[in-house]
>>> print(open('input-v3.json').read())   # JSON, C-alpha atoms
[["chain", "number", "residue", "atom", "x", "y", "z"],
["A", 1, "HIS", "CA", 0.00, 0.00, 0.00],
["A", 2, "GLU", "CA", 1.23, 3.49, -0.72],
["A", 3, "LEU", "CA", 0.96, 4.31, 2.99],
["A", 4, "ALA", "CA", 2.81, 1.20, 4.19],
["A", 5, "PHE", "CA", 6.29, 2.16, 5.39],
["A", 6, "ALA", "CA", 8.17, -0.95, 6.48],
["A", 7, "ARG", "CA", 11.59, 0.69, 6.89],
["A", 8, "THR", "CA", 10.64, 3.84, 8.79],
["A", 9, "ARG", "CA", 9.11, 2.51, 12.00],
["A", 10, "ARG", "CA", 11.32, 4.84, 14.02],
["A", 11, "ALA", "CA", 9.07, 7.63, 12.75],
["A", 12, "LEU", "CA", 6.55, 6.44, 15.35],
["A", 13, "THR", "CA", 8.53, 8.52, 17.83],
["A", 14, "GLU", "CA", 7.64, 11.63, 15.80],
["A", 15, "ALA", "CA", 3.90, 10.98, 15.95],
["A", 16, "ASP", "CA", 1.25, 12.71, 18.06],
["A", 17, "VAL", "CA", -0.85, 9.55, 18.19],
["A", 18, "VAL", "CA", 0.09, 5.92, 17.53],
["A", 19, "ALA", "CA", -2.68, 3.38, 16.93],
["A", 20, "VAL", "CA", -1.63, -0.26, 17.34],
["A", 21, "VAL", "CA", -4.16, -2.72, 15.93],
["A", 22, "GLY", "CA", -4.35, -6.38, 16.91],
["A", 23, "THR", "CA", -0.74, -6.55, 18.10],
["A", 24, "PRO", "CA", 0.59, -6.73, 21.67],
["A", 25, "LEU", "CA", 2.69, -3.85, 22.93],
["A", 26, "ASP", "CA", 5.79, -5.97, 23.50],
["A", 27, "PHE", "CA", 9.50, -5.60, 22.71],
["A", 28, "ARG", "CA", 8.77, -5.44, 18.98],
["A", 29, "LEU", "CA", 6.99, -2.11, 19.53],
["A", 30, "SER", "CA", 9.10, -0.61, 22.32],
["A", 31, "PHE", "CA", 6.52, -1.85, 24.86],
["A", 32, "GLY", "CA", 4.14, 0.86, 23.63],
["A", 33, "ARG", "CA", 6.37, 3.81, 24.49],
["A", 34, "PHE", "CA", 6.80, 6.22, 21.58],
["A", 35, "LYS", "CA", 8.19, 9.35, 23.29],
["A", 36, "ASP", "CA", 5.33, 11.86, 23.65],
["A", 37, "ALA", "CA", 2.81, 10.09, 21.42],
["A", 38, "ARG", "CA", -0.56, 9.12, 22.84],
["A", 39, "VAL", "CA", -1.27, 5.44, 22.27],
["A", 40, "ILE", "CA", -4.50, 3.84, 21.06],
["A", 41, "HIS", "CA", -4.46, 0.06, 21.51],
["A", 42, "ILE", "CA", -7.15, -1.66, 19.41],
["A", 43, "VAL", "CA", -7.69, -5.32, 20.29],
["A", 44, "ASP", "CA", -10.24, -8.06, 19.62],
["A", 45, "ASP", "CA", -10.78, -8.93, 23.30],
["A", 46, "PRO", "CA", -10.68, -6.76, 26.46],
["A", 47, "ALA", "CA", -8.21, -9.19, 28.05],
["A", 48, "ARG", "CA", -5.66, -8.27, 25.40],
["A", 49, "ARG", "CA", -5.51, -4.60, 26.34],
["A", 50, "ALA", "CA", -2.06, -3.47, 27.44],
["A", 51, "ALA", "CA", -1.92, -3.02, 31.21],
["A", 52, "HIS", "CA", 1.67, -1.78, 31.48],
["A", 53, "VAL", "CA", 1.26, 1.49, 29.57],
["A", 54, "ALA", "CA", -1.26, 4.31, 29.80],
["A", 55, "THR", "CA", -3.40, 4.44, 26.67],
["A", 56, "ALA", "CA", -5.51, 7.31, 25.38],
["A", 57, "ALA", "CA", -8.12, 4.77, 24.25],
["A", 58, "ALA", "CA", -8.34, 0.99, 24.00],
["A", 59, "PRO", "CA", -11.33, -0.15, 21.92],
["A", 60, "ALA", "CA", -11.96, -3.89, 22.14],
["A", 61, "GLY", "CA", -14.16, -5.98, 19.87],
["A", 62, "ASP", "CA", -14.49, -6.97, 16.24],
["A", 63, "LEU", "CA", -11.50, -5.34, 14.53],
["A", 64, "THR", "CA", -13.27, -4.99, 11.18],
["A", 65, "ALA", "CA", -16.18, -3.13, 12.77],
["A", 66, "ILE", "CA", -13.85, -0.83, 14.71],
["A", 67, "LEU", "CA", -11.72, 0.02, 11.68],
["A", 68, "ASP", "CA", -14.78, 0.47, 9.45],
["A", 69, "ALA", "CA", -16.17, 2.94, 11.97],
["A", 70, "MET", "CA", -12.89, 4.85, 12.06],
["A", 71, "ALA", "CA", -12.73, 4.96, 8.25],
["A", 72, "ALA", "CA", -16.32, 6.26, 8.11],
["A", 73, "TRP", "CA", -15.48, 9.31, 10.24],
["A", 74, "ARG", "CA", -16.77, 12.42, 8.49],
["A", 75, "GLY", "CA", -15.60, 15.03, 10.94],
["A", 76, "GLU", "CA", -12.54, 17.25, 10.75],
["A", 77, "ARG", "CA", -9.36, 15.70, 9.38],
["A", 78, "ARG", "CA", -5.89, 17.17, 9.55],
["A", 79, "GLY", "CA", -3.61, 17.09, 6.55],
["A", 80, "HIS", "CA", -0.49, 14.95, 6.87],
["A", 81, "GLU", "CA", 0.77, 15.11, 3.31],
["A", 82, "GLU", "CA", 4.04, 16.85, 4.15],
["A", 83, "TRP", "CA", 4.94, 14.25, 6.82],
["A", 84, "ILE", "CA", 3.88, 11.40, 4.53],
["A", 85, "ASP", "CA", 6.10, 12.77, 1.76],
["A", 86, "ARG", "CA", 9.06, 12.83, 4.16],
["A", 87, "LEU", "CA", 8.36, 9.25, 5.24],
["A", 88, "ARG", "CA", 8.08, 8.10, 1.65],
["A", 89, "GLU", "CA", 11.43, 9.65, 0.76],
["A", 90, "ARG", "CA", 13.08, 8.02, 3.79],
["A", 91, "GLU", "CA", 11.54, 4.69, 2.84],
["A", 92, "ARG", "CA", 12.86, 4.93, -0.70],
["A", 93, "ALA", "CA", 16.32, 5.96, 0.48],
["A", 94, "LEU", "CA", 16.55, 3.08, 2.95],
["A", 95, "ARG", "CA", 15.39, 0.59, 0.33],
["A", 96, "ARG", "CA", 18.01, 1.89, -2.10],
["A", 97, "ALA", "CA", 20.69, 1.49, 0.57],
["A", 98, "GLU", "CA", 19.68, -2.15, 1.09],
["A", 99, "GLU", "CA", 20.44, -3.15, -2.48],
["A", 100, "ALA", "CA", 24.17, -3.50, -1.75],
["A", 101, "GLN", "CA", 23.47, -6.32, 0.70],
["A", 102, "LEU", "CA", 20.75, -7.95, -1.40],
["A", 103, "THR", "CA", 23.05, -8.14, -4.42],
["A", 104, "SER", "CA", 26.34, -8.76, -2.61],
["A", 105, "ASP", "CA", 28.83, -11.04, -4.40],
["A", 106, "SER", "CA", 30.88, -11.57, -1.26],
["A", 107, "ALA", "CA", 32.23, -14.99, -0.38],
["A", 108, "PRO", "CA", 31.23, -16.62, 1.91],
["A", 109, "ILE", "CA", 27.69, -15.68, 0.90],
["A", 110, "HIS", "CA", 26.03, -12.77, 2.67],
["A", 111, "PRO", "CA", 22.67, -13.98, 4.11],
["A", 112, "ALA", "CA", 20.88, -10.95, 2.67],
["A", 113, "ARG", "CA", 21.95, -12.05, -0.83],
["A", 114, "VAL", "CA", 20.01, -15.27, -0.29],
["A", 115, "ILE", "CA", 16.90, -13.31, 0.65],
["A", 116, "GLY", "CA", 17.37, -11.04, -2.36],
["A", 117, "GLU", "CA", 17.42, -14.07, -4.65],
["A", 118, "VAL", "CA", 14.37, -15.56, -2.93],
["A", 119, "ARG", "CA", 12.51, -12.28, -3.34],
["A", 120, "ALA", "CA", 13.19, -12.29, -7.06],
["A", 121, "GLN", "CA", 11.69, -15.79, -7.38],
["A", 122, "LEU", "CA", 8.53, -15.31, -5.33],
["A", 123, "ASP", "CA", 5.08, -14.89, -6.83],
["A", 124, "ARG", "CA", 2.89, -12.20, -5.30],
["A", 125, "ASP", "CA", 0.66, -14.85, -3.69],
["A", 126, "ALA", "CA", 3.50, -17.04, -2.41],
["A", 127, "VAL", "CA", 3.30, -18.27, 1.17],
["A", 128, "VAL", "CA", 6.55, -17.67, 3.04],
["A", 129, "VAL", "CA", 7.30, -19.50, 6.27],
["A", 130, "GLY", "CA", 10.16, -18.40, 8.52],
["A", 131, "ASP", "CA", 11.77, -20.65, 11.12],
["A", 132, "GLY", "CA", 14.98, -19.28, 12.61],
["A", 133, "GLY", "CA", 16.80, -16.36, 14.16],
["A", 134, "ASP", "CA", 19.14, -14.09, 12.22],
["A", 135, "PHE", "CA", 18.42, -15.61, 8.80],
["A", 136, "VAL", "CA", 14.67, -15.21, 9.22],
["A", 137, "SER", "CA", 15.18, -11.69, 10.56],
["A", 138, "TYR", "CA", 16.70, -10.77, 7.19],
["A", 139, "ALA", "CA", 13.67, -12.29, 5.49],
["A", 140, "GLY", "CA", 11.26, -10.39, 7.72],
["A", 141, "LYS", "CA", 13.02, -7.17, 6.88],
["A", 142, "PHE", "CA", 13.51, -7.59, 3.14],
["A", 143, "LEU", "CA", 10.48, -9.60, 1.99],
["A", 144, "ASP", "CA", 7.23, -7.72, 1.47],
["A", 145, "SER", "CA", 4.02, -9.50, 2.40],
["A", 146, "HIS", "CA", 1.17, -8.75, 0.01],
["A", 147, "ARG", "CA", -1.69, -10.80, 1.46],
["A", 148, "PRO", "CA", -2.87, -11.66, 4.97],
["A", 149, "GLY", "CA", -1.69, -15.03, 6.20],
["A", 150, "HIS", "CA", 1.09, -15.33, 3.63],
["A", 151, "TRP", "CA", 3.93, -14.69, 6.08],
["A", 152, "LEU", "CA", 4.23, -17.16, 8.97],
["A", 153, "ASP", "CA", 7.04, -17.14, 11.54],
["A", 154, "PRO", "CA", 7.75, -18.44, 15.06],
["A", 155, "GLY", "CA", 6.22, -15.36, 16.68],
["A", 156, "PRO", "CA", 7.56, -13.20, 19.51],
["A", 157, "TYR", "CA", 8.53, -16.18, 21.67],
["A", 158, "GLY", "CA", 10.67, -17.74, 18.92],
["A", 159, "CYS", "CA", 9.35, -21.29, 19.05],
["A", 160, "LEU", "CA", 11.88, -22.85, 16.69],
["A", 161, "GLY", "CA", 10.86, -26.00, 14.88],
["A", 162, "SER", "CA", 7.43, -24.83, 13.74],
["A", 163, "GLY", "CA", 8.48, -24.27, 10.14],
["A", 164, "VAL", "CA", 7.98, -27.69, 8.53],
["A", 165, "GLY", "CA", 4.54, -28.04, 10.11],
["A", 166, "TYR", "CA", 3.51, -24.56, 8.97],
["A", 167, "ALA", "CA", 4.80, -25.33, 5.47],
["A", 168, "ALA", "CA", 2.85, -28.61, 5.31],
["A", 169, "ALA", "CA", -0.34, -26.79, 6.26],
["A", 170, "ALA", "CA", 0.33, -24.03, 3.73],
["A", 171, "ARG", "CA", 0.85, -26.58, 0.97],
["A", 172, "LEU", "CA", -2.42, -28.34, 1.84],
["A", 173, "CYS", "CA", -4.34, -25.05, 1.97],
["A", 174, "HIS", "CA", -2.77, -23.59, -1.17],
["A", 175, "PRO", "CA", -1.83, -26.48, -3.50],
["A", 176, "GLY", "CA", -1.35, -24.19, -6.49],
["A", 177, "ARG", "CA", 0.89, -21.56, -4.87],
["A", 178, "GLN", "CA", 4.57, -21.34, -4.08],
["A", 179, "VAL", "CA", 5.44, -22.34, -0.53],
["A", 180, "ALA", "CA", 8.89, -21.20, 0.60],
["A", 181, "LEU", "CA", 10.25, -22.34, 3.96],
["A", 182, "LEU", "CA", 13.21, -20.26, 5.16],
["A", 183, "LEU", "CA", 15.25, -21.95, 7.88],
["A", 184, "GLY", "CA", 18.24, -21.20, 10.02],
["A", 185, "ASP", "CA", 20.53, -24.21, 10.37],
["A", 186, "GLY", "CA", 19.90, -24.30, 14.11],
["A", 187, "ALA", "CA", 16.13, -24.16, 13.62],
["A", 188, "PHE", "CA", 16.22, -26.96, 11.06],
["A", 189, "GLY", "CA", 17.68, -29.23, 13.72],
["A", 190, "PHE", "CA", 14.42, -28.97, 15.67],
["A", 191, "SER", "CA", 12.24, -30.41, 12.92],
["A", 192, "ALA", "CA", 14.44, -31.92, 10.18],
["A", 193, "SER", "CA", 12.93, -35.39, 10.53],
["A", 194, "ASP", "CA", 9.50, -33.92, 9.85],
["A", 195, "VAL", "CA", 10.55, -33.73, 6.20],
["A", 196, "ASP", "CA", 9.56, -37.39, 6.23],
["A", 197, "THR", "CA", 5.96, -36.20, 6.70],
["A", 198, "LEU", "CA", 6.24, -33.94, 3.65],
["A", 199, "VAL", "CA", 7.57, -36.84, 1.61],
["A", 200, "ARG", "CA", 4.97, -39.39, 2.73],
["A", 201, "HIS", "CA", 2.08, -37.00, 2.08],
["A", 202, "ARG", "CA", 3.52, -35.78, -1.24],
["A", 203, "LEU", "CA", 3.79, -32.14, -0.15],
["A", 204, "PRO", "CA", 6.47, -30.40, -2.23],
["A", 205, "VAL", "CA", 7.94, -27.42, -0.39],
["A", 206, "ALA", "CA", 10.93, -25.29, -1.36],
["A", 207, "MET", "CA", 13.16, -25.15, 1.73],
["A", 208, "ILE", "CA", 16.06, -22.71, 1.94],
["A", 209, "VAL", "CA", 18.55, -23.07, 4.79],
["A", 210, "GLY", "CA", 20.86, -20.19, 5.65],
["A", 211, "ASN", "CA", 23.68, -22.35, 6.96],
["A", 212, "ASN", "CA", 26.30, -20.32, 8.84],
["A", 213, "GLY", "CA", 27.28, -23.08, 11.27],
["A", 214, "ILE", "CA", 26.41, -21.08, 14.40],
["A", 215, "TRP", "CA", 23.57, -19.98, 16.63],
["A", 216, "GLY", "CA", 23.89, -16.47, 15.20],
["A", 217, "LEU", "CA", 21.20, -14.87, 17.33],
["A", 218, "GLU", "CA", 23.13, -15.98, 20.42],
["A", 219, "LYS", "CA", 26.77, -15.99, 19.34],
["A", 220, "HIS", "CA", 27.00, -12.44, 18.03],
["A", 221, "PRO", "CA", 25.23, -10.75, 20.98],
["A", 222, "MET", "CA", 27.43, -12.69, 23.40],
["A", 223, "ARG", "CA", 30.51, -11.56, 21.50],
["A", 224, "ASP", "CA", 29.31, -7.94, 21.55],
["A", 225, "LEU", "CA", 28.45, -7.97, 25.24],
["A", 226, "TYR", "CA", 31.16, -10.18, 26.75],
["A", 227, "GLY", "CA", 33.85, -10.57, 24.10],
["A", 228, "SER", "CA", 33.37, -14.34, 24.02],
["A", 229, "ASP", "CA", 30.65, -16.93, 23.51],
["A", 230, "ILE", "CA", 29.72, -20.38, 24.75],
["A", 231, "ALA", "CA", 27.60, -23.24, 23.31],
["A", 232, "ALA", "CA", 26.86, -21.21, 20.18],
["A", 233, "ASP", "CA", 28.55, -23.29, 17.48],
["A", 234, "LEU", "CA", 27.02, -25.81, 15.09],
["A", 235, "GLN", "CA", 28.65, -28.12, 12.54],
["A", 236, "PRO", "CA", 30.13, -25.94, 9.75],
["A", 237, "GLY", "CA", 28.88, -26.85, 6.29],
["A", 238, "CYS", "CA", 26.57, -29.59, 7.54],
["A", 239, "ARG", "CA", 24.92, -31.33, 4.58],
["A", 240, "TYR", "CA", 21.29, -30.88, 5.48],
["A", 241, "ASP", "CA", 20.46, -31.40, 1.80],
["A", 242, "GLN", "CA", 21.74, -34.97, 2.05],
["A", 243, "LEU", "CA", 19.50, -35.55, 5.06],
["A", 244, "VAL", "CA", 16.49, -34.47, 3.01],
["A", 245, "GLN", "CA", 17.59, -36.75, 0.19],
["A", 246, "ALA", "CA", 17.84, -39.67, 2.62],
["A", 247, "LEU", "CA", 14.26, -39.03, 3.72],
["A", 248, "GLY", "CA", 13.04, -39.19, 0.12],
["A", 249, "GLY", "CA", 13.21, -35.55, -0.90],
["A", 250, "ALA", "CA", 15.86, -33.74, -2.93],
["A", 251, "GLY", "CA", 18.30, -30.91, -2.49],
["A", 252, "GLU", "CA", 21.71, -29.42, -3.09],
["A", 253, "VAL", "CA", 24.40, -27.36, -1.41],
["A", 254, "VAL", "CA", 25.24, -23.84, -2.65],
["A", 255, "GLU", "CA", 28.54, -22.12, -1.95],
["A", 256, "ARG", "CA", 28.64, -19.34, -4.58],
["A", 257, "PRO", "CA", 26.21, -16.40, -4.93],
["A", 258, "ALA", "CA", 25.72, -17.00, -8.65],
["A", 259, "ASP", "CA", 24.42, -20.50, -7.96],
["A", 260, "ILE", "CA", 21.59, -19.44, -5.64],
["A", 261, "ALA", "CA", 19.00, -18.47, -8.27],
["A", 262, "PRO", "CA", 19.29, -21.66, -10.39],
["A", 263, "ALA", "CA", 19.01, -23.76, -7.21],
["A", 264, "LEU", "CA", 15.88, -21.88, -6.15],
["A", 265, "ARG", "CA", 14.27, -22.43, -9.53],
["A", 266, "ARG", "CA", 14.91, -26.16, -9.19],
["A", 267, "ALA", "CA", 13.44, -26.12, -5.69],
["A", 268, "PHE", "CA", 10.22, -24.39, -6.72],
["A", 269, "ALA", "CA", 9.82, -26.67, -9.75],
["A", 270, "ALA", "CA", 10.43, -29.90, -7.82],
["A", 271, "SER", "CA", 7.66, -32.44, -7.23],
["A", 272, "VAL", "CA", 9.16, -33.43, -3.85],
["A", 273, "PRO", "CA", 10.38, -31.48, -0.80],
["A", 274, "TYR", "CA", 13.59, -29.79, -1.96],
["A", 275, "LEU", "CA", 16.21, -28.20, 0.28],
["A", 276, "VAL", "CA", 18.66, -25.55, -0.91],
["A", 277, "ASN", "CA", 21.49, -25.61, 1.63],
["A", 278, "VAL", "CA", 23.23, -22.22, 1.29],
["A", 279, "LEU", "CA", 26.52, -21.83, 3.16],
["A", 280, "THR", "CA", 26.50, -18.27, 4.49],
["A", 281, "ASP", "CA", 29.08, -16.10, 6.21],
["A", 282, "PRO", "CA", 29.17, -16.72, 10.00],
["A", 283, "LYS", "CA", 30.86, -13.36, 10.57],
["A", 284, "VAL", "CA", 27.82, -11.41, 9.34],
["A", 285, "SER", "CA", 25.39, -10.49, 12.14],
["A", 286, "TYR", "CA", 21.92, -9.03, 11.92],
["A", 287, "LYS", "CA", 21.85, -5.54, 13.46],
["A", 288, "ARG", "CA", 19.13, -5.20, 16.07],
["A", 289, "SER", "CA", 17.62, -2.23, 17.84],
["A", 290, "SER", "CA", 14.79, -3.86, 19.85],
["A", 291, "LYS", "CA", 14.27, -2.64, 23.40],
["A", 292, "LEU", "CA", 14.25, -5.78, 25.53],
["A", 293, "GLY", "CA", 13.52, -4.12, 28.85]]
>>> encode(input="input-v3.json", output="structure tokens")
Amino acid sequence: HELAFARTRRALTEADVVAVVGTPLDFRLSFGRFKDARVIHIVDDPARRAAHVATAAAPAGDLTAILDAMAAWRGERRGHEEWIDRLRERERALRRAEEAQLTSDSAPIHPARVIGEVRAQLDRDAVVVGDGGDFVSYAGKFLDSHRPGHWLDPGPYGCLGSGVGYAAAARLCHPGRQVALLLGDGAFGFSASDVDTLVRHRLPVAMIVGNNGIWGLEKHPMRDLYGSDIAADLQPGCRYDQLVQALGGAGEVVERPADIAPALRRAFAASVPYLVNVLTDPKVSYKRSSKLG
């Protein structure tokens, strides 16, 4: 949508009023604190209202009815065109700046390059499932979701291992659409044997593993905070593609950026679960700015 700004969420701190609809005010949204902005928390049940922050209003009920009523308002409206124009220019500038990562030819492969190649292959109605930490964070940032229910991830509590199950359900619900399952190598360890279910029920899914051989979401923060890490290493270059093959699917390992796109095309065209095992750079960390307290 022309008013959807995925890269400029920090502009919430410039707002007079912030309306949060159907989403908890947790660490993903600074716990509902946006400097001087008044907060409206719109939820589908009174029990879901935020209790830890003062809200200017907190309507609860059918979200469609509430939003329809807001859209039908015929009273005075203030113009926001100047602010919207500034946001749109920031959005465009940030998206332009991302292209260097999305098209990087660095070796080992930059994880954002993998997401850039996936983005180029996705249909508009593709269902994308994320199961992982840093690798899926890149996907959440760089992949645009065009339809409700077409982006599924572990949620705020990070329940790794949900990906293969989500992908199976997506394939059953949408047999004619692309289903892409994006996995961190650590996350794949939680549910790798479930590929057997995909095989037995003839559910072809394109699986892409960002394989950096570490628990990136843990290793890099530990390094930044303490200068060292513990229990954050996995097997470098593990052949998860061969595991999928042993279970009756197919797959391949990718070590060069130029080989990502052809591998993805084979994965989406396959009649069996197909895993593209991309060896990515363990030194690259996803930059975070979430407030965790």
>>> closest_residue(input="input-v3.json", among="A:Pro262, A:Gly216, A:Gly163, A:Pro236", to="Ala120 in chain A", atoms="only C-alpha atoms")
A:Pro262
>>> residues_around(input="input-v3.json", residues="Ala267 in chain A", least_positions_apart="3", cutoff="12 Å", atoms="only C-alpha atoms", output="compact mmCIF listing (two decimals) with C-alpha atoms, in the coordinates of the input")
# COMPACT_ATOMS: atom_id res chain seq x y z
CA VAL A 118 14.37 -15.56 -2.93
CA GLN A 121 11.69 -15.79 -7.38
CA LEU A 122 8.53 -15.31 -5.33
CA GLN A 178 4.57 -21.34 -4.08
CA VAL A 179 5.44 -22.34 -0.53
CA ALA A 180 8.89 -21.20 0.60
CA LEU A 181 10.25 -22.34 3.96
CA PRO A 204 6.47 -30.40 -2.23
CA VAL A 205 7.94 -27.42 -0.39
CA ALA A 206 10.93 -25.29 -1.36
CA MET A 207 13.16 -25.15 1.73
CA ILE A 208 16.06 -22.71 1.94
CA ASP A 241 20.46 -31.40 1.80
CA GLY A 249 13.21 -35.55 -0.90
CA ALA A 250 15.86 -33.74 -2.93
CA GLY A 251 18.30 -30.91 -2.49
CA GLU A 252 21.71 -29.42 -3.09
CA VAL A 253 24.40 -27.36 -1.41
CA ILE A 260 21.59 -19.44 -5.64
CA ALA A 261 19.00 -18.47 -8.27
CA PRO A 262 19.29 -21.66 -10.39
CA ALA A 263 19.01 -23.76 -7.21
CA LEU A 264 15.88 -21.88 -6.15
CA ALA A 270 10.43 -29.90 -7.82
CA SER A 271 7.66 -32.44 -7.23
CA VAL A 272 9.16 -33.43 -3.85
CA PRO A 273 10.38 -31.48 -0.80
CA TYR A 274 13.59 -29.79 -1.96
CA LEU A 275 16.21 -28.20 0.28
CA VAL A 276 18.66 -25.55 -0.91
CA ASN A 277 21.49 -25.61 1.63
>>> residues_around(input="input-v3.json", residues="Ser137 in chain A", least_positions_apart="5", cutoff="12 Å", atoms="only C-alpha atoms", output="short mmCIF file (atom, residue, chain, number, x, y, z; two decimals) with C-alpha atoms, keeping the file's coordinate frame")
data_model
loop_
_atom_site.label_atom_id
_atom_site.label_comp_id
_atom_site.auth_asym_id
_atom_site.auth_seq_id
_atom_site.Cartn_x
_atom_site.Cartn_y
_atom_site.Cartn_z
CA PRO A 111 22.67 -13.98 4.11
CA ALA A 112 20.88 -10.95 2.67
CA ILE A 115 16.90 -13.31 0.65
CA VAL A 129 7.30 -19.50 6.27
CA GLY A 130 10.16 -18.40 8.52
CA ASP A 131 11.77 -20.65 11.12
CA GLY A 132 14.98 -19.28 12.61
CA PHE A 142 13.51 -7.59 3.14
CA LEU A 143 10.48 -9.60 1.99
CA ASP A 153 7.04 -17.14 11.54
CA PRO A 154 7.75 -18.44 15.06
CA GLY A 155 6.22 -15.36 16.68
CA PRO A 156 7.56 -13.20 19.51
CA GLY A 158 10.67 -17.74 18.92
CA LEU A 182 13.21 -20.26 5.16
CA LEU A 183 15.25 -21.95 7.88
CA GLY A 184 18.24 -21.20 10.02
CA GLY A 210 20.86 -20.19 5.65
CA GLY A 216 23.89 -16.47 15.20
CA LEU A 217 21.20 -14.87 17.33
CA SER A 285 25.39 -10.49 12.14
CA TYR A 286 21.92 -9.03 11.92
CA LYS A 287 21.85 -5.54 13.46
CA ARG A 288 19.13 -5.20 16.07
#
>>> residues_around(input="input-v3.json", residues="range 20-22 of chain A", least_positions_apart="2", cutoff="7 Å", atoms="only C-alpha atoms", output="PyMOL selection string")
chain A and resi 18+24+40-44
>>> closest_residue(input="input-v3.json", among="A:Thr13, A:Thr55, A:Glu255, A:Val209", to="Lys35 in chain A", atoms="all atoms listed in the file")
A:Thr13
>>> atom_distance(input="input-v3.json", atom1="CA of Arg74 in chain A", atom2="CA of Val17 in chain A")
18.9 Å
>>> atom_distance(input="input-v3.json", atom1="CA of Arg96 in chain A", atom2="CA of Arg7 in chain A")
11.1 Å
>>> atom_distance(input="input-v3.json", atom1="CA of Ala69 in chain A", atom2="CA of Ala57 in chain A")
14.8 Å
>>> closest_residue(input="input-v3.json", among="A:Val53, A:Pro46, A:Asp26, A:Thr8", to="Glu89 in chain A", atoms="all atoms listed in the file")
A:Thr8
>>> residues_around(input="input-v3.json", residues="Leu3 in chain A", least_positions_apart="4", cutoff="10 Å", atoms="only C-alpha atoms", output="number ranges by chain")
A: 84-85, 87-88
>>> residues_near_point(input="input-v3.json", point="(20.2, -32.2, 10.9)", cutoff="12 Å", atoms="only C-alpha atoms", output="ChimeraX atom specification")
/A:161,183-195,209,211,213,234-247,277
>>> write_last_selection(input="input-v3.json", atoms="C-alpha atoms", output="PDB file, in the coordinates of the input")
ATOM      1  CA  GLY A 161      10.860 -26.000  14.880  1.00  0.00           C
ATOM      2  CA  LEU A 183      15.250 -21.950   7.880  1.00  0.00           C
ATOM      3  CA  GLY A 184      18.240 -21.200  10.020  1.00  0.00           C
ATOM      4  CA  ASP A 185      20.530 -24.210  10.370  1.00  0.00           C
ATOM      5  CA  GLY A 186      19.900 -24.300  14.110  1.00  0.00           C
ATOM      6  CA  ALA A 187      16.130 -24.160  13.620  1.00  0.00           C
ATOM      7  CA  PHE A 188      16.220 -26.960  11.060  1.00  0.00           C
ATOM      8  CA  GLY A 189      17.680 -29.230  13.720  1.00  0.00           C
ATOM      9  CA  PHE A 190      14.420 -28.970  15.670  1.00  0.00           C
ATOM     10  CA  SER A 191      12.240 -30.410  12.920  1.00  0.00           C
ATOM     11  CA  ALA A 192      14.440 -31.920  10.180  1.00  0.00           C
ATOM     12  CA  SER A 193      12.930 -35.390  10.530  1.00  0.00           C
ATOM     13  CA  ASP A 194       9.500 -33.920   9.850  1.00  0.00           C
ATOM     14  CA  VAL A 195      10.550 -33.730   6.200  1.00  0.00           C
ATOM     15  CA  VAL A 209      18.550 -23.070   4.790  1.00  0.00           C
ATOM     16  CA  ASN A 211      23.680 -22.350   6.960  1.00  0.00           C
ATOM     17  CA  GLY A 213      27.280 -23.080  11.270  1.00  0.00           C
ATOM     18  CA  LEU A 234      27.020 -25.810  15.090  1.00  0.00           C
ATOM     19  CA  GLN A 235      28.650 -28.120  12.540  1.00  0.00           C
ATOM     20  CA  PRO A 236      30.130 -25.940   9.750  1.00  0.00           C
ATOM     21  CA  GLY A 237      28.880 -26.850   6.290  1.00  0.00           C
ATOM     22  CA  CYS A 238      26.570 -29.590   7.540  1.00  0.00           C
ATOM     23  CA  ARG A 239      24.920 -31.330   4.580  1.00  0.00           C
ATOM     24  CA  TYR A 240      21.290 -30.880   5.480  1.00  0.00           C
ATOM     25  CA  ASP A 241      20.460 -31.400   1.800  1.00  0.00           C
ATOM     26  CA  GLN A 242      21.740 -34.970   2.050  1.00  0.00           C
ATOM     27  CA  LEU A 243      19.500 -35.550   5.060  1.00  0.00           C
ATOM     28  CA  VAL A 244      16.490 -34.470   3.010  1.00  0.00           C
ATOM     29  CA  GLN A 245      17.590 -36.750   0.190  1.00  0.00           C
ATOM     30  CA  ALA A 246      17.840 -39.670   2.620  1.00  0.00           C
ATOM     31  CA  LEU A 247      14.260 -39.030   3.720  1.00  0.00           C
ATOM     32  CA  ASN A 277      21.490 -25.610   1.630  1.00  0.00           C
TER      33      ASN A 277
END
>>> residues_near_point(input="input-v3.json", point="(5.4, -5.4, 11.1)", cutoff="9 Å", atoms="all atoms listed in the file", output="PDB file with C-alpha atoms, keeping the file's coordinate frame")
ATOM      1  CA  ALA A   6       8.170  -0.950   6.480  1.00  0.00           C
ATOM      2  CA  ARG A   9       9.110   2.510  12.000  1.00  0.00           C
ATOM      3  CA  ARG A  28       8.770  -5.440  18.980  1.00  0.00           C
ATOM      4  CA  GLY A 140      11.260 -10.390   7.720  1.00  0.00           C
ATOM      5  CA  LYS A 141      13.020  -7.170   6.880  1.00  0.00           C
TER       6      LYS A 141
END
>>> closest_residue(input="input-v3.json", among="A:Arg124, A:Asp134, A:Leu203, A:Gly32", to="Glu218 in chain A", atoms="all atoms listed in the file")
A:Asp134
>>> closest_residue(input="input-v3.json", among="A:Arg90, A:His220, A:His110, A:Arg49", to="Thr280 in chain A", atoms="all atoms listed in the file")
A:His110
>>> residues_around(input="input-v3.json", residues="Pro148 in chain A", least_positions_apart="5", cutoff="12 Å", atoms="only C-alpha atoms", output="list in words")
Arg124, Asp125, Ala126, Val127 and Val128 of chain A
>>> closest_residue(input="input-v3.json", among="A:Asp62, A:Tyr138, A:Arg86, A:His150", to="Gln101 in chain A", atoms="only C-alpha atoms")
A:Tyr138
